[in-house]
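K.L.:
This one is target_35.cif, mmCIF, C-alpha atoms.
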data_work
#
loop_
_atom_site.group_PDB
_atom_site.id
_atom_site.type_symbol
_atom_site.label_atom_id
_atom_site.label_comp_id
_atom_site.auth_asym_id
_atom_site.auth_seq_id
_atom_site.Cartn_x
_atom_site.Cartn_y
_atom_site.Cartn_z
ATOM 1 C CA MET G 1 5.688 34.236 3.593
ATOM 2 C CA ASN G 2 8.557 32.554 1.757
ATOM 3 C CA GLN G 3 8.029 30.065 -1.083
ATOM 4 C CA LYS G 4 9.201 27.014 0.935
ATOM 5 C CA LYS G 5 6.623 27.564 3.702
ATOM 6 C CA GLN G 6 3.838 28.043 1.164
ATOM 7 C CA GLU G 7 4.661 24.701 -0.474
ATOM 8 C CA LEU G 8 4.796 22.667 2.760
ATOM 9 C CA GLN G 9 1.324 21.159 3.107
ATOM 10 C CA VAL G 10 2.121 18.555 5.804
ATOM 11 C CA ALA G 11 4.589 18.880 8.715
ATOM 12 C CA ALA G 12 8.127 17.508 8.319
ATOM 13 C CA LEU G 13 9.009 14.072 9.713
ATOM 14 C CA GLU G 14 12.166 13.506 11.769
ATOM 15 C CA ASN G 15 12.387 9.700 11.421
ATOM 16 C CA GLY G 16 10.013 7.279 9.742
ATOM 17 C CA THR G 17 8.358 6.528 6.430
ATOM 18 C CA VAL G 18 6.418 8.709 4.018
ATOM 19 C CA ILE G 19 4.010 6.845 1.750
ATOM 20 C CA ASP G 20 3.416 9.117 -1.211
ATOM 21 C CA HIS G 21 1.373 9.157 -4.442
ATOM 22 C CA ILE G 22 -1.564 7.227 -2.988
ATOM 23 C CA PRO G 23 -4.779 7.503 -5.020
ATOM 24 C CA CYS G 24 -7.164 9.642 -2.936
ATOM 25 C CA ASP G 25 -9.810 6.940 -2.715
ATOM 26 C CA LYS G 26 -7.262 4.407 -1.354
ATOM 27 C CA VAL G 27 -5.684 6.368 1.532
ATOM 28 C CA PHE G 28 -7.686 4.755 4.317
ATOM 29 C CA THR G 29 -7.405 1.318 2.713
ATOM 30 C CA VAL G 30 -3.593 1.727 2.895
ATOM 31 C CA VAL G 31 -3.901 2.733 6.564
ATOM 32 C CA SER G 32 -5.862 -0.449 7.242
ATOM 33 C CA LEU G 33 -3.592 -2.727 5.170
ATOM 34 C CA LEU G 34 -0.515 -1.573 7.099
ATOM 35 C CA GLY G 35 -2.235 -1.917 10.469
ATOM 36 C CA LEU G 36 -1.844 1.756 11.291
ATOM 37 C CA THR G 37 -5.129 1.816 13.204
ATOM 38 C CA ASP G 38 -3.557 0.010 16.166
ATOM 39 C CA GLY G 39 -3.030 3.304 17.998
ATOM 40 C CA HIS G 40 0.714 2.781 18.527
ATOM 41 C CA SER G 41 2.002 4.673 15.506
ATOM 42 C CA LYS G 42 1.982 8.448 15.232
ATOM 43 C CA ILE G 43 0.631 9.112 11.739
ATOM 44 C CA THR G 44 -0.201 12.132 9.638
ATOM 45 C CA ILE G 45 -2.659 11.675 6.797
ATOM 46 C CA GLY G 46 -3.030 14.093 3.930
ATOM 47 C CA ASN G 47 -5.678 13.598 1.284
ATOM 48 C CA ASN G 48 -6.624 15.500 -1.853
ATOM 49 C CA LEU G 49 -3.212 17.191 -1.870
ATOM 50 C CA ASP G 50 -2.045 18.835 -5.091
ATOM 51 C CA SER G 51 0.189 16.635 -7.251
ATOM 52 C CA LYS G 52 1.873 17.482 -10.522
ATOM 53 C CA LYS G 53 1.704 13.818 -11.620
ATOM 54 C CA LEU G 54 -1.722 12.750 -10.339
ATOM 55 C CA GLY G 55 -3.619 16.030 -10.019
ATOM 56 C CA LYS G 56 -4.671 15.040 -6.494
ATOM 57 C CA LYS G 57 -3.024 12.486 -4.202
ATOM 58 C CA GLY G 58 -2.949 11.044 -0.726
ATOM 59 C CA LEU G 59 0.040 10.950 1.598
ATOM 60 C CA ILE G 60 0.724 9.148 4.887
ATOM 61 C CA LYS G 61 3.611 9.960 7.212
ATOM 62 C CA VAL G 62 4.409 7.362 9.856
ATOM 63 C CA ALA G 63 6.791 8.454 12.617
ATOM 64 C CA ASP G 64 9.497 6.069 13.842
ATOM 65 C CA ARG G 65 8.312 3.125 11.764
ATOM 66 C CA PHE G 66 9.980 1.402 8.834
ATOM 67 C CA PHE G 67 8.098 -1.213 6.839
ATOM 68 C CA THR G 68 9.268 -4.638 5.708
ATOM 69 C CA ASP G 69 9.358 -5.558 2.021
ATOM 70 C CA GLU G 70 6.361 -7.837 2.623
ATOM 71 C CA GLU G 71 4.328 -4.986 4.130
ATOM 72 C CA ILE G 72 5.296 -2.734 1.230
ATOM 73 C CA SER G 73 4.337 -5.341 -1.374
ATOM 74 C CA ARG G 74 0.843 -5.530 0.162
ATOM 75 C CA LEU G 75 0.315 -1.956 -0.994
ATOM 76 C CA SER G 76 0.571 -2.996 -4.642
ATOM 77 C CA VAL G 77 -2.833 -4.626 -4.270
ATOM 78 C CA VAL G 78 -4.574 -1.273 -3.826
ATOM 79 C CA ALA G 79 -2.032 1.349 -4.900
ATOM 80 C CA PRO G 80 0.569 0.060 -7.383
ATOM 81 C CA SER G 81 2.082 3.503 -8.044
ATOM 82 C CA VAL G 82 2.917 4.273 -4.404
ATOM 83 C CA LYS G 83 6.375 5.574 -3.542
ATOM 84 C CA LEU G 84 7.993 5.303 -0.111
ATOM 85 C CA ASN G 85 10.549 7.693 1.303
ATOM 86 C CA ILE G 86 12.613 6.568 4.289
ATOM 87 C CA ILE G 87 13.401 9.560 6.516
ATOM 88 C CA ARG G 88 16.213 9.867 9.077
ATOM 89 C CA ASN G 89 17.039 13.178 10.770
ATOM 90 C CA TYR G 90 14.602 15.032 8.478
ATOM 91 C CA GLU G 91 16.440 13.803 5.341
ATOM 92 C CA VAL G 92 15.317 11.297 2.716
ATOM 93 C CA VAL G 93 17.881 8.486 2.932
ATOM 94 C CA GLU G 94 16.145 5.961 0.687
ATOM 95 C CA LYS G 95 13.338 5.844 -1.870
ATOM 96 C CA LYS G 96 11.396 2.682 -2.647
ATOM 97 C CA GLN G 97 8.925 1.850 -5.389
ATOM 98 C CA VAL G 98 6.193 -0.664 -4.600
ATOM 99 C CA GLU G 99 6.869 -3.979 -6.336
ATOM 100 C CA LYS G 100 4.219 -6.410 -7.443
ATOM 101 C CA PRO G 101 4.674 -9.447 -5.186
ATOM 102 C CA GLU G 102 5.214 -12.992 -6.435
ATOM 103 C CA THR G 103 2.740 -14.272 -3.839
ATOM 104 C CA LEU G 104 -0.226 -12.787 -1.997
ATOM 105 C CA ARG G 105 -0.960 -14.419 1.354
ATOM 106 C CA GLY G 106 -4.058 -13.541 3.361
ATOM 107 C CA ILE G 107 -4.675 -10.227 1.594
ATOM 108 C CA VAL G 108 -7.340 -10.881 -1.046
ATOM 109 C CA ARG G 109 -10.311 -13.203 -1.354
ATOM 110 C CA CYS G 110 -10.595 -15.943 -3.962
ATOM 111 C CA ALA G 111 -13.462 -15.290 -6.384
ATOM 112 C CA ASN G 112 -14.293 -18.996 -6.602
ATOM 113 C CA PRO G 113 -17.126 -19.605 -4.108
ATOM 114 C CA LYS G 114 -16.179 -23.309 -3.967
ATOM 115 C CA CYS G 115 -12.543 -22.574 -3.061
ATOM 116 C CA ILE G 116 -11.534 -24.101 0.259
ATOM 117 C CA THR G 117 -10.412 -20.672 1.513
ATOM 118 C CA ASN G 118 -14.013 -19.460 1.282
ATOM 119 C CA ASN G 119 -15.336 -22.454 3.199
ATOM 120 C CA GLU G 120 -12.653 -23.280 5.782
ATOM 121 C CA PRO G 121 -10.718 -21.050 8.195
ATOM 122 C CA MET G 122 -7.465 -20.817 6.271
ATOM 123 C CA PRO G 123 -5.475 -17.974 4.697
ATOM 124 C CA THR G 124 -5.683 -17.373 0.971
ATOM 125 C CA LEU G 125 -2.575 -17.802 -1.176
ATOM 126 C CA PHE G 126 -2.076 -16.607 -4.734
ATOM 127 C CA HIS G 127 0.888 -16.911 -7.093
ATOM 128 C CA CYS G 128 1.671 -14.343 -9.768
ATOM 129 C CA ILE G 129 1.349 -15.702 -13.294
ATOM 130 C CA ASP G 130 1.596 -12.416 -15.230
ATOM 131 C CA LYS G 131 3.059 -9.291 -13.565
ATOM 132 C CA GLU G 132 2.288 -6.982 -16.477
ATOM 133 C CA HIS G 133 -1.425 -7.786 -16.396
ATOM 134 C CA ARG G 134 -1.469 -8.279 -12.584
ATOM 135 C CA ALA G 135 -2.803 -11.817 -12.951
ATOM 136 C CA TYR G 136 -2.674 -14.283 -10.051
ATOM 137 C CA LYS G 137 -3.660 -17.934 -9.610
ATOM 138 C CA CYS G 138 -5.181 -19.348 -6.434
ATOM 139 C CA HIS G 139 -2.866 -21.918 -4.859
ATOM 140 C CA TYR G 140 -5.785 -24.140 -3.837
ATOM 141 C CA CYS G 141 -8.395 -24.062 -6.609
ATOM 142 C CA GLU G 142 -6.120 -22.699 -9.382
ATOM 143 C CA LYS G 143 -8.637 -20.054 -10.449
ATOM 144 C CA GLU G 144 -6.861 -17.283 -12.351
ATOM 145 C CA GLN G 145 -7.848 -13.761 -11.358
ATOM 146 C CA CYS G 146 -6.848 -10.202 -12.176
ATOM 147 C CA LEU G 147 -5.670 -8.257 -9.135
ATOM 148 C CA ASP G 148 -7.776 -5.264 -10.144
ATOM 149 C CA GLU G 149 -10.925 -7.372 -9.764
ATOM 150 C CA MET G 150 -9.973 -9.098 -6.504
ATOM 151 C CA LYS G 151 -11.570 -8.082 -3.211
ATOM 152 C CA LEU G 152 -9.556 -7.382 -0.069
ATOM 153 C CA LEU G 153 -10.185 -9.533 2.979
#
Could you take the file, read its structure, and then write that structure out as structure tokens?

P.N.:
Amino acid sequence: MNQKKQELQVAALENGTVIDHIPCDKVFTVVSLLGLTDGHSKITIGNNLDSKKLGKKGLIKVADRFFTDEEISRLSVVAPSVKLNIIRNYEVVEKKQVEKPETLRGIVRCANPKCITNNEPMPTLFHCIDKEHRAYKCHYCEKEQCLDEMKLL
């Protein structure tokens, strides 16, 4: 068997997006965050794949789907080191790095039990106050929170 075939761990993608370098314990969280459980997207999931950078990693290939910048920024909540490869005709035409968003809307829960978002049916909204330390402030109660400690909705 030639070297190229031995290295290929997941089938090639003709058109779509490859989400790479996902921490193994976050693969299915990424699937949920991007709404890939709707049954309309053809997806391939690889987990515990060998990685020179991470040791082990997760990978998701989504056929015929390209994500918006807002969808991509949602990934930074759970997997800030994720890389996206845009594929057309089996070739990588663009690479994207996940950016930490300026605002988080309806993704994470406010840790303040008295916050209106925990007591009324309304979406949460946070504004970034320190990108380096991943610190966000609730728009409603102004509680400052570290993204690493926030819980997903």

K.L.:
Take the PyMOL selection byres ((chain G and resi 103) around 9), apply it to the structure above, and return the hits as a PDB file with C-alpha atoms, in the coordinates of the input.

P.N.:
ATOM      1  CA  LYS G 100       4.219  -6.410  -7.443  1.00  0.00           C
ATOM      2  CA  PRO G 101       4.674  -9.447  -5.186  1.00  0.00           C
ATOM      3  CA  GLU G 102       5.214 -12.992  -6.435  1.00  0.00           C
ATOM      4  CA  LEU G 104      -0.226 -12.787  -1.997  1.00  0.00           C
ATOM      5  CA  ARG G 105      -0.960 -14.419   1.354  1.00  0.00           C
ATOM      6  CA  LEU G 125      -2.575 -17.802  -1.176  1.00  0.00           C
ATOM      7  CA  PHE G 126      -2.076 -16.607  -4.734  1.00  0.00           C
ATOM      8  CA  HIS G 127       0.888 -16.911  -7.093  1.00  0.00           C
ATOM      9  CA  CYS G 128       1.671 -14.343  -9.768  1.00  0.00           C
ATOM     10  CA  TYR G 136      -2.674 -14.283 -10.051  1.00  0.00           C
TER      11      TYR G 136
END

K.L.:
Can you list, as a ChimeraX atom specification, the residues that the PyMOL selection byres ((chain G and resi 96) around 12) selects here?

P.N.:
/G:17-20,66-69,72-73,81-87,92-95,97-99

K.L.:
Skipping near chain neighbours, those fewer than 4 positions away, what residues fall within 9 Å of G:Lys114 using all atoms listed in the file, listed as a PyMOL selection string?

P.N.:
chain G and resi 118-119+141

K.L.:
So how many Å separate atom CA of G:Val77 and atom CA of G:Leu152, to one decimal?

P.N.:
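Result for atom CA of G:Val77 versus atom CA of G:Leu152: 8.4 Å, one decimal.
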
K.L.:
From the options G:Arg88, G:Glu70, G:Lys56, G:Leu153, which residue's atoms come nearest to G:Glu14, counting only C-alpha atoms?

P.N.:
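Closest residue, counting only C-alpha atoms: G:Arg88.
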
K.L.:
With the input short on atoms, add N, CA and C atoms back to stretch 136-150 of chain G and write it as a CSV table (one decimal), in the coordinates of the input.

P.N.:
chain,number,residue,atom,x,y,z
G,136,TYR,N,-3.1,-13.4,-11.1
G,136,TYR,CA,-2.7,-14.3,-10.1
G,136,TYR,C,-3.5,-15.5,-10.1
G,137,LYS,N,-3.0,-16.7,-9.6
G,137,LYS,CA,-3.7,-17.9,-9.6
G,137,LYS,C,-3.8,-18.4,-8.2
G,138,CYS,N,-5.0,-18.8,-7.8
G,138,CYS,CA,-5.2,-19.3,-6.4
G,138,CYS,C,-4.4,-20.6,-6.3
G,139,HIS,N,-3.7,-20.7,-5.2
G,139,HIS,CA,-2.9,-21.9,-4.9
G,139,HIS,C,-3.7,-23.2,-4.7
G,140,TYR,N,-4.9,-23.0,-4.2
G,140,TYR,CA,-5.8,-24.1,-3.8
G,140,TYR,C,-6.7,-24.6,-5.0
G,141,CYS,N,-7.4,-23.7,-5.6
G,141,CYS,CA,-8.4,-24.1,-6.6
G,141,CYS,C,-7.9,-23.8,-8.0
G,142,GLU,N,-6.8,-23.1,-8.1
G,142,GLU,CA,-6.1,-22.7,-9.4
G,142,GLU,C,-6.9,-21.7,-10.3
G,143,LYS,N,-7.9,-21.1,-9.7
G,143,LYS,CA,-8.6,-20.1,-10.4
G,143,LYS,C,-7.7,-18.9,-10.7
G,144,GLU,N,-7.7,-18.4,-12.0
G,144,GLU,CA,-6.9,-17.3,-12.4
G,144,GLU,C,-7.7,-16.0,-12.2
G,145,GLN,N,-7.1,-15.0,-11.6
G,145,GLN,CA,-7.8,-13.8,-11.4
G,145,GLN,C,-7.0,-12.5,-11.6
G,146,CYS,N,-7.6,-11.5,-12.0
G,146,CYS,CA,-6.8,-10.2,-12.2
G,146,CYS,C,-6.9,-9.5,-10.8
G,147,LEU,N,-5.8,-8.9,-10.4
G,147,LEU,CA,-5.7,-8.3,-9.1
G,147,LEU,C,-6.6,-7.1,-9.0
G,148,ASP,N,-6.9,-6.4,-10.1
G,148,ASP,CA,-7.8,-5.3,-10.1
G,148,ASP,C,-9.2,-5.6,-9.8
G,149,GLU,N,-9.6,-6.9,-10.0
G,149,GLU,CA,-10.9,-7.4,-9.8
G,149,GLU,C,-11.1,-8.1,-8.4
G,150,MET,N,-9.9,-8.3,-7.8
G,150,MET,CA,-10.0,-9.1,-6.5
G,150,MET,C,-10.4,-8.2,-5.4
